[in-house]
Structures are given as C-alpha cells and as structure tokens.
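Peer 1: Sending over coords.cif (mmCIF, C-alpha atoms and all ligand atoms).
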data_upload
loop_
_atom_site.label_atom_id
_atom_site.label_comp_id
_atom_site.auth_asym_id
_atom_site.auth_seq_id
_atom_site.Cartn_x
_atom_site.Cartn_y
_atom_site.Cartn_z
CA MET A 1 -10.48 -3.77 11.02
CA LEU A 2 -9.08 -5.75 8.10
CA ARG A 3 -9.24 -9.47 8.73
CA LEU A 4 -7.96 -12.37 6.63
CA GLU A 5 -9.35 -15.82 7.29
CA GLY A 6 -7.77 -18.88 5.67
CA VAL A 7 -6.64 -16.91 2.62
CA SER A 8 -5.03 -19.03 -0.12
CA HIS A 9 -4.32 -18.07 -3.70
CA SER A 10 -2.65 -19.69 -6.72
CA TYR A 11 -1.59 -18.47 -10.13
CA ASP A 12 -2.13 -21.38 -12.53
CA ASP A 13 -0.98 -24.27 -10.35
CA ARG A 14 1.44 -22.29 -8.25
CA ALA A 15 0.40 -21.56 -4.65
CA VAL A 16 1.34 -17.97 -3.85
CA LEU A 17 -0.63 -17.45 -0.61
CA ARG A 18 -1.08 -20.41 1.72
CA ASP A 19 -3.74 -20.33 4.40
CA ILE A 20 -3.11 -16.88 5.85
CA THR A 21 -5.18 -15.79 8.85
CA LEU A 22 -4.54 -12.33 10.30
CA ASP A 23 -6.26 -9.52 12.15
CA LEU A 24 -4.71 -6.24 11.07
CA ALA A 25 -5.49 -3.96 14.00
CA GLU A 26 -2.27 -2.04 14.69
CA HIS A 27 -1.72 1.49 13.44
CA ARG A 28 1.50 0.76 11.55
CA ILE A 29 2.12 -2.70 10.16
CA GLY A 30 5.12 -3.61 8.01
CA VAL A 31 5.37 -6.64 5.74
CA ILE A 32 8.76 -7.89 4.55
CA GLY A 33 9.89 -10.95 2.61
CA ALA A 34 11.98 -12.07 -0.36
CA ASN A 35 10.96 -11.36 -3.95
CA GLY A 36 8.26 -13.81 -4.96
CA SER A 37 7.20 -14.55 -1.37
CA GLY A 38 3.67 -13.30 -2.12
CA LYS A 39 3.77 -9.76 -0.69
CA SER A 40 2.17 -7.96 -3.64
CA THR A 41 -0.51 -10.62 -3.95
CA LEU A 42 -1.28 -10.29 -0.24
CA ALA A 43 -1.29 -6.47 -0.53
CA ARG A 44 -3.79 -6.70 -3.38
CA THR A 45 -6.16 -8.95 -1.44
CA LEU A 46 -6.50 -6.16 1.16
CA ASN A 47 -8.62 -3.94 -1.09
CA GLY A 48 -10.11 -6.52 -3.41
CA LEU A 49 -7.71 -6.08 -6.34
CA VAL A 50 -7.09 -9.80 -5.89
CA ILE A 51 -9.95 -12.01 -4.68
CA PRO A 52 -8.39 -15.07 -3.08
CA ASP A 53 -9.25 -18.56 -4.37
CA GLU A 54 -9.99 -19.64 -0.82
CA GLY A 55 -10.78 -17.88 2.43
CA ARG A 56 -11.97 -14.33 2.88
CA VAL A 57 -10.81 -10.79 3.49
CA THR A 58 -13.17 -8.52 5.40
CA LEU A 59 -13.29 -4.95 6.65
CA GLY A 60 -15.91 -4.94 9.38
CA GLU A 61 -19.11 -6.22 7.76
CA TRP A 62 -17.77 -6.00 4.24
CA ASP A 63 -16.17 -8.83 2.29
CA THR A 64 -13.88 -8.09 -0.69
CA ARG A 65 -15.65 -10.82 -2.65
CA ARG A 66 -19.00 -9.01 -2.49
CA HIS A 67 -18.23 -5.41 -1.53
CA ALA A 68 -14.96 -4.60 -3.31
CA LYS A 69 -16.24 -1.16 -4.31
CA HIS A 70 -17.01 -0.15 -0.71
CA ILE A 71 -13.75 -1.58 0.53
CA ARG A 72 -11.73 0.26 -2.10
CA ARG A 73 -13.12 3.53 -0.80
CA ARG A 74 -11.94 2.72 2.70
CA VAL A 75 -8.64 1.04 1.81
CA GLY A 76 -6.35 3.19 -0.35
CA PHE A 77 -3.58 1.58 -2.38
CA VAL A 78 -0.24 2.97 -3.58
CA PHE A 79 1.95 1.02 -6.02
CA SER A 80 5.76 1.05 -6.37
CA ASP A 81 5.61 2.67 -9.76
CA ALA A 82 3.82 5.96 -9.12
CA ALA A 83 3.95 6.76 -12.83
CA ASN A 84 1.16 4.20 -13.35
CA GLN A 85 -1.09 6.26 -11.10
CA ILE A 86 -0.38 9.54 -12.87
CA ILE A 87 -2.95 9.79 -15.62
CA MET A 88 -4.18 13.37 -15.89
CA PRO A 89 -2.64 16.40 -17.67
CA THR A 90 -1.77 18.25 -14.43
CA VAL A 91 -0.83 17.47 -10.85
CA ALA A 92 -3.97 19.16 -9.47
CA GLU A 93 -6.23 17.17 -11.82
CA ASP A 94 -4.53 13.96 -10.75
CA VAL A 95 -5.38 14.70 -7.14
CA GLU A 96 -8.93 15.69 -8.09
CA ILE A 97 -9.80 12.67 -10.21
CA GLY A 98 -10.03 10.33 -7.23
CA LEU A 99 -12.60 12.61 -5.64
CA ARG A 100 -14.97 12.71 -8.58
CA SER A 101 -16.88 9.58 -7.66
CA LEU A 102 -17.49 11.01 -4.17
CA ARG A 103 -19.53 13.89 -5.69
CA LEU A 104 -18.58 16.39 -3.01
CA GLY A 105 -19.46 19.46 -5.02
CA ARG A 106 -17.08 21.96 -6.57
CA GLU A 107 -16.18 23.90 -3.44
CA GLU A 108 -15.43 20.97 -1.18
CA THR A 109 -13.56 19.19 -4.00
CA SER A 110 -11.37 22.20 -4.61
CA ARG A 111 -10.81 22.76 -0.88
CA ARG A 112 -9.63 19.17 -0.47
CA VAL A 113 -7.41 19.27 -3.56
CA GLU A 114 -5.66 22.45 -2.44
CA ALA A 115 -5.21 21.11 1.09
CA ALA A 116 -3.70 17.86 -0.24
CA LEU A 117 -1.33 19.71 -2.60
CA ALA A 118 -0.13 21.92 0.26
CA ARG A 119 0.20 19.06 2.71
CA TYR A 120 2.35 16.96 0.38
CA GLY A 121 4.47 19.89 -0.81
CA LEU A 122 3.04 19.89 -4.34
CA ASP A 123 1.31 23.28 -4.34
CA GLY A 124 4.14 24.78 -6.41
CA HIS A 125 3.45 22.16 -9.09
CA ARG A 126 -0.32 22.24 -9.29
CA ASP A 127 -0.46 23.07 -13.02
CA HIS A 128 2.57 21.00 -14.10
CA PRO A 129 2.24 17.64 -15.82
CA GLY A 130 2.80 14.92 -13.20
CA HIS A 131 5.30 13.04 -15.32
CA LEU A 132 7.77 15.97 -15.03
CA LEU A 133 7.99 15.59 -11.23
CA SER A 134 10.95 13.90 -9.54
CA GLY A 135 10.54 10.25 -8.53
CA GLY A 136 9.86 11.19 -4.93
CA GLN A 137 7.36 13.87 -5.90
CA LYS A 138 5.56 11.41 -8.17
CA GLN A 139 5.23 9.05 -5.25
CA LEU A 140 3.94 11.93 -3.08
CA LEU A 141 1.44 12.74 -5.84
CA ALA A 142 0.27 9.12 -5.88
CA LEU A 143 -0.08 9.31 -2.09
CA ALA A 144 -1.90 12.65 -2.23
CA SER A 145 -4.31 11.32 -4.88
CA VAL A 146 -5.22 8.41 -2.61
CA LEU A 147 -5.21 10.26 0.72
CA VAL A 148 -7.41 13.08 -0.56
CA THR A 149 -10.26 10.55 -0.56
CA GLU A 150 -9.68 10.08 3.20
CA PRO A 151 -9.43 6.28 3.37
CA ASP A 152 -9.23 4.58 6.79
CA VAL A 153 -6.34 2.37 5.74
CA LEU A 154 -3.45 2.96 3.36
CA VAL A 155 -1.74 -0.03 1.75
CA CYS A 156 1.61 0.76 0.12
CA ASP A 157 3.33 -1.86 -2.01
CA GLU A 158 7.05 -1.03 -1.99
CA PRO A 159 6.53 2.72 -2.37
CA THR A 160 10.24 3.50 -2.12
CA THR A 161 11.73 0.67 -4.19
CA LEU A 162 12.32 2.82 -7.26
CA LEU A 163 13.55 5.88 -5.32
CA ASP A 164 17.00 7.15 -4.33
CA LEU A 165 17.84 7.80 -0.69
CA ARG A 166 16.71 11.42 -0.65
CA ASN A 167 13.35 10.63 -2.22
CA THR A 168 12.97 7.58 0.01
CA ARG A 169 13.39 9.83 3.03
CA MET A 170 10.84 12.29 1.67
CA VAL A 171 8.25 9.54 1.26
CA HIS A 172 9.19 8.00 4.59
CA ARG A 173 8.66 11.30 6.41
CA THR A 174 5.25 11.62 4.79
CA LEU A 175 4.21 8.08 5.69
CA SER A 176 5.40 8.60 9.27
CA GLY A 177 3.15 11.61 9.67
CA LEU A 178 -0.08 9.87 8.60
CA ASP A 179 -3.04 9.43 10.93
CA GLN A 180 -4.45 6.59 8.84
CA GLN A 181 -3.66 2.97 9.50
CA LEU A 182 -0.70 2.03 7.31
CA VAL A 183 0.16 -1.41 5.94
CA LEU A 184 3.57 -1.00 4.33
CA PHE A 185 5.09 -3.72 2.15
CA THR A 186 8.76 -2.87 1.82
CA HIS A 187 12.37 -3.86 1.35
CA ASP A 188 13.51 -0.78 3.25
CA LEU A 189 13.97 -2.41 6.63
CA ASP A 190 15.10 0.93 8.10
CA LEU A 191 11.61 2.33 7.63
CA LEU A 192 10.16 -0.15 10.10
CA ASP A 193 12.00 0.77 13.33
CA ASP A 194 9.03 2.49 14.94
CA PHE A 195 6.30 0.22 13.53
CA ASP A 196 3.88 -1.53 15.88
CA ARG A 197 4.08 -4.87 14.13
CA VAL A 198 6.07 -6.49 11.31
CA LEU A 199 5.10 -9.65 9.40
CA VAL A 200 7.71 -11.71 7.59
CA MET A 201 6.50 -13.63 4.53
CA ASP A 202 8.16 -16.65 3.01
CA GLU A 203 6.77 -18.84 0.23
CA GLY A 204 3.24 -17.60 0.68
CA ARG A 205 3.10 -17.91 4.46
CA VAL A 206 3.52 -15.50 7.34
CA VAL A 207 6.52 -17.08 9.07
CA PHE A 208 7.04 -14.39 11.70
CA ASP A 209 4.72 -11.86 13.32
CA GLY A 210 6.05 -9.54 16.00
CA VAL A 211 7.87 -6.32 16.83
CA PRO A 212 10.33 -4.85 14.30
CA GLY A 213 13.31 -5.49 16.59
CA ASP A 214 12.64 -9.25 16.31
CA ALA A 215 11.17 -9.41 12.79
CA VAL A 216 14.08 -7.82 10.97
CA PRO A 217 16.72 -10.21 12.44
CA HIS A 218 14.35 -13.12 11.71
CA TYR A 219 14.14 -12.06 8.08
CA THR A 220 17.87 -11.42 7.64
CA LYS A 221 18.65 -14.83 9.20
CA LEU A 222 16.13 -16.47 6.87
CA MET A 223 17.93 -14.92 3.92
CA ASP A 224 21.41 -15.80 5.29
CA ASP A 225 20.34 -19.45 5.59
CA ARG A 226 19.34 -19.68 1.92
N1 LIG B 1 -0.68 -11.98 -12.19
C1 LIG B 1 0.16 -13.01 -12.00
N2 LIG B 1 0.11 -14.11 -12.81
C2 LIG B 1 0.94 -15.15 -12.61
N3 LIG B 1 1.88 -15.22 -11.65
C3 LIG B 1 1.98 -14.16 -10.83
C4 LIG B 1 1.14 -12.99 -10.95
N4 LIG B 1 1.49 -12.12 -9.99
C5 LIG B 1 2.49 -12.69 -9.29
N5 LIG B 1 2.79 -13.91 -9.78
C6 LIG B 1 3.79 -14.82 -9.23
O1 LIG B 1 3.42 -15.09 -7.89
C7 LIG B 1 4.56 -15.11 -7.05
C8 LIG B 1 4.41 -14.12 -5.92
O2 LIG B 1 4.41 -12.83 -6.48
P1 LIG B 1 4.20 -11.50 -5.65
O3 LIG B 1 2.94 -11.60 -4.88
O4 LIG B 1 4.35 -10.38 -6.62
O5 LIG B 1 5.42 -11.55 -4.63
P2 LIG B 1 6.37 -10.39 -4.07
O6 LIG B 1 5.61 -9.12 -4.10
O7 LIG B 1 6.72 -10.86 -2.69
O8 LIG B 1 7.57 -10.36 -4.95
C9 LIG B 1 5.76 -14.84 -7.93
O9 LIG B 1 6.34 -16.06 -8.29
C10 LIG B 1 5.15 -14.17 -9.15
O10 LIG B 1 5.92 -14.45 -10.30
MG MG B 2 5.94 -7.23 -4.84
#
Could you quickly redo this structure as structure tokens?
Ligand SMILES: Nc1ncnc2c1ncn2[C@@H]1O[C@H](COP(=O)(O)OP(=O)(O)O)[C@@H](O)[C@H]1O
Ligand SMILES: [Mg+2]
Peer 2:
Amino acid sequence: MLRLEGVSHSYDDRAVLRDITLDLAEHRIGVIGANGSGKSTLARTLNGLVIPDEGRVTLGEWDTRRHAKHIRRRVGFVFSDAANQIIMPTVAEDVEIGLRSLRLGREETSRRVEAALARYGLDGHRDHPGHLLSGGQKQLLALASVLVTEPDVLVCDEPTTLLDLRNTRMVHRTLSGLDQQLVLFTHDLDLLDDFDRVLVMDEGRVVFDGVPGDAVPHYTKLMDDR
C-alpha cells in the first residue's frame, strides 16, 4: 500500500504540499482541487518523480527516496499530455519499449504487446506512428504502454483534460475496467461517481477525504466561496 507520512514540498520558497499524511488503500481513489493546489506535485511523489523535502512516501518496505526504481516498476504513471509519452516510430514499439528493462524474452514480450494492443483497441494501428492517432487513442496508447508492464498501482494525472467528450468517455471506460489500483487526479468530477474515496486538495493540503457524494459538493462549495 502507498503511504505518505508528513509529506511537505516547496518550489523555491513556495510551499506546495503541506504536511500530508495518507494511507492509499482503496481500489479507486480520486483527487480533485483547483489549479495550483498541488495535485500534480502530489501525484509525482507517488512514484518518486518528486522526492518531497520533508516526510516520506512508501510502498510496503520501499521508500521513494531510496528505492525509486523499484517503486516506479510497481506504480505506473500517465500524464495529461500523452504525446510526451509517445516516443517510438510505431504504436507497437511504443508499447514494447516499457517492457525492455523487464527482459522477458522475445516471445513473452511479443505476447504481452499484442494482448495490450488488442485490449486497448489499438491492434488496427500497431504499425502506425503514434502521433497520427486521435487524442483519445494517444491516451489509450500511453495507458497501454504503462499497463503492459503490469504495475500494481496506476497514477493518472488529468488523463482526460486535453480530450473532447467522446475521447474522455473512451478513456473513462478503459479506466473503469482496470483491475489495478487507480489514483486518478482529475477535473472531470463525473468520472468519480463510483470511486471508493475522493480527496479534495486546497493550497497544498488535503481538506476533505471521503465518498464522492460528499467530496464533490465540498469542492464545488469551496470554489463557490472564492
Ligand atoms: N517544477 C516546478 N517548479 C516551480 N514551481 C512549480 C513546479 N511545478 C509546479 N509548480 C508550482 O507549484 C504549484 C502547484 O503546482 P501543481 O502541483 O502542478 O498543482 P496542480 O496540479 O493542482 O495544478 C503551482 O503554483 C505551480 O506553479
Ligand atoms: Mg496538475
């Protein structure tokens, strides 16, 4: 289980995360909050992309400060802008690249790549350049490239922010069908209806932690009062 203990972080002199302590045990956890409230910084602490100035983030015995490499294998990360994660000449190679460090051998690698392409509806595009895909398909490719490595936890930082409604739905359906634990940072409050837990962030703190039916009104009221 991911656990944050007394996590604080600043950029220059600006506090962005303030003393956050959380156990992230539920299957589907949403995180909402205004722009600049610290969501992306928090997301990045979960797999060691950001090491907090104070406190610690652990996954079982591992600490992101000392075992970031191990943790990154267990905690997959998807960014808002999928284009940044598309680096190879073809869709299939993009899915494969994440597997290389696992050294699974040619057969198992190819079996996993084909299964991931089929599962995320990309098998018709295996030899196309990823940048020619639609926005939603790019996001599915980013997801496939991470999920093919079979992480225990998937952290998504606003995966639908740049997408239109149709593509948002496509990504949403895919996220809903995942077995992995999901920590979804989002502005799409509609996506959170069936989540187990939703955290509301404000100015670097978790100001609400509860079920979606209570978290979303808490957040909208917070914004109305500004
Ligand atoms: N690498 C960085 N260097 C300096 N300031 C940053 C950096 N990343 C984020 N910030 C600042 O930290 C604050 C929180 O940012 P962020 O975690 O991205 O929040 P959110 O995702 O909720 O919009 C913002 O004011 C942002 O400008
Ligand atoms: Mg952000």
Peer 1: So the first atom is CA of Gly204 in chain A and the second is CA of Val16 in chain A; what is the distance between them in Å, to one decimal place?
Peer 2: 4.9 Å
Peer 1: Return as a tab-separated table the residues of chain A lying at most 7 Å from ligand MG 2 (chain B), together with the closest atom-to-atom pair for each and the distance in Å to one decimal, counting all atoms listed in the file, with rows in chain order and ascending residue number.
Peer 2:
residue	atom	partner	partner_atom	distance
A:Asn35	CA	B:MG2	MG	6.6
A:Gly36	CA	B:MG2	MG	7.0
A:Lys39	CA	B:MG2	MG	5.3
A:Ser40	CA	B:MG2	MG	4.0
A:Asp157	CA	B:MG2	MG	6.6
A:Glu158	CA	B:MG2	MG	6.9
Peer 1: Calculated over all atoms listed in the file, which of the candidates A:Ile97, A:Val113, A:Leu141, A:Val153 has the smallest distance to Val183 in chain A?
Peer 2: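 The closest residue to Val183 in chain A is A:Val153.
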Peer 1: So how far away is CA of Arg106 in chain A from CA of Thr149 in chain A, in Å?
Peer 2: 14.6 Å
Peer 1: Nearest residue to Arg126 in chain A out of A:Leu104, A:Ala25, A:Leu46, A:Met88, using only C-alpha atoms?
Peer 2: A:Met88
Peer 1: Would you work out the distance separating CA of Ser80 in chain A from CA of Asp193 in chain A, expressed in Å to one decimal?
Peer 2: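 We find that CA of Ser80 in chain A and CA of Asp193 in chain A lie 20.7 Å from each other.
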Peer 1: Please give me, as an MDAnalysis selection string, the residues lying within 10 Å of ligand LIG 1 (chain B) when counting only C-alpha atoms and all ligand atoms.
Peer 2: chainID A and resid 9:17 31:44 50 157:158 185:187 201:204
Peer 1: Can those selected residues be exported to a file as a PDB file, in the frame of the given file so that it contains C-alpha atoms?
Peer 2:
ATOM      1  CA  HIS A   9      -4.320 -18.070  -3.700  1.00  0.00           C
ATOM      2  CA  SER A  10      -2.650 -19.690  -6.720  1.00  0.00           C
ATOM      3  CA  TYR A  11      -1.590 -18.470 -10.130  1.00  0.00           C
ATOM      4  CA  ASP A  12      -2.130 -21.380 -12.530  1.00  0.00           C
ATOM      5  CA  ASP A  13      -0.980 -24.270 -10.350  1.00  0.00           C
ATOM      6  CA  ARG A  14       1.440 -22.290  -8.250  1.00  0.00           C
ATOM      7  CA  ALA A  15       0.400 -21.560  -4.650  1.00  0.00           C
ATOM      8  CA  VAL A  16       1.340 -17.970  -3.850  1.00  0.00           C
ATOM      9  CA  LEU A  17      -0.630 -17.450  -0.610  1.00  0.00           C
ATOM     10  CA  VAL A  31       5.370  -6.640   5.740  1.00  0.00           C
ATOM     11  CA  ILE A  32       8.760  -7.890   4.550  1.00  0.00           C
ATOM     12  CA  GLY A  33       9.890 -10.950   2.610  1.00  0.00           C
ATOM     13  CA  ALA A  34      11.980 -12.070  -0.360  1.00  0.00           C
ATOM     14  CA  ASN A  35      10.960 -11.360  -3.950  1.00  0.00           C
ATOM     15  CA  GLY A  36       8.260 -13.810  -4.960  1.00  0.00           C
ATOM     16  CA  SER A  37       7.200 -14.550  -1.370  1.00  0.00           C
ATOM     17  CA  GLY A  38       3.670 -13.300  -2.120  1.00  0.00           C
ATOM     18  CA  LYS A  39       3.770  -9.760  -0.690  1.00  0.00           C
ATOM     19  CA  SER A  40       2.170  -7.960  -3.640  1.00  0.00           C
ATOM     20  CA  THR A  41      -0.510 -10.620  -3.950  1.00  0.00           C
ATOM     21  CA  LEU A  42      -1.280 -10.290  -0.240  1.00  0.00           C
ATOM     22  CA  ALA A  43      -1.290  -6.470  -0.530  1.00  0.00           C
ATOM     23  CA  ARG A  44      -3.790  -6.700  -3.380  1.00  0.00           C
ATOM     24  CA  VAL A  50      -7.090  -9.800  -5.890  1.00  0.00           C
ATOM     25  CA  ASP A 157       3.330  -1.860  -2.010  1.00  0.00           C
ATOM     26  CA  GLU A 158       7.050  -1.030  -1.990  1.00  0.00           C
ATOM     27  CA  PHE A 185       5.090  -3.720   2.150  1.00  0.00           C
ATOM     28  CA  THR A 186       8.760  -2.870   1.820  1.00  0.00           C
ATOM     29  CA  HIS A 187      12.370  -3.860   1.350  1.00  0.00           C
ATOM     30  CA  MET A 201       6.500 -13.630   4.530  1.00  0.00           C
ATOM     31  CA  ASP A 202       8.160 -16.650   3.010  1.00  0.00           C
ATOM     32  CA  GLU A 203       6.770 -18.840   0.230  1.00  0.00           C
ATOM     33  CA  GLY A 204       3.240 -17.600   0.680  1.00  0.00           C
TER      34      GLY A 204
END
Peer 1: Between A:Cys156, A:Val75, A:Val200, A:Ala92, single out the one closest to Lys221 in chain A, counting all atoms listed in the file.
Peer 2: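 That would be A:Val200, the residue with the smallest distance to Lys221 in chain A.
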Peer 1: So which one's closest to Arg112 in chain A, A:Leu133, A:Ala144, A:Ile86, A:Leu189? Using only C-alpha atoms, please.
Peer 2: A:Ala144
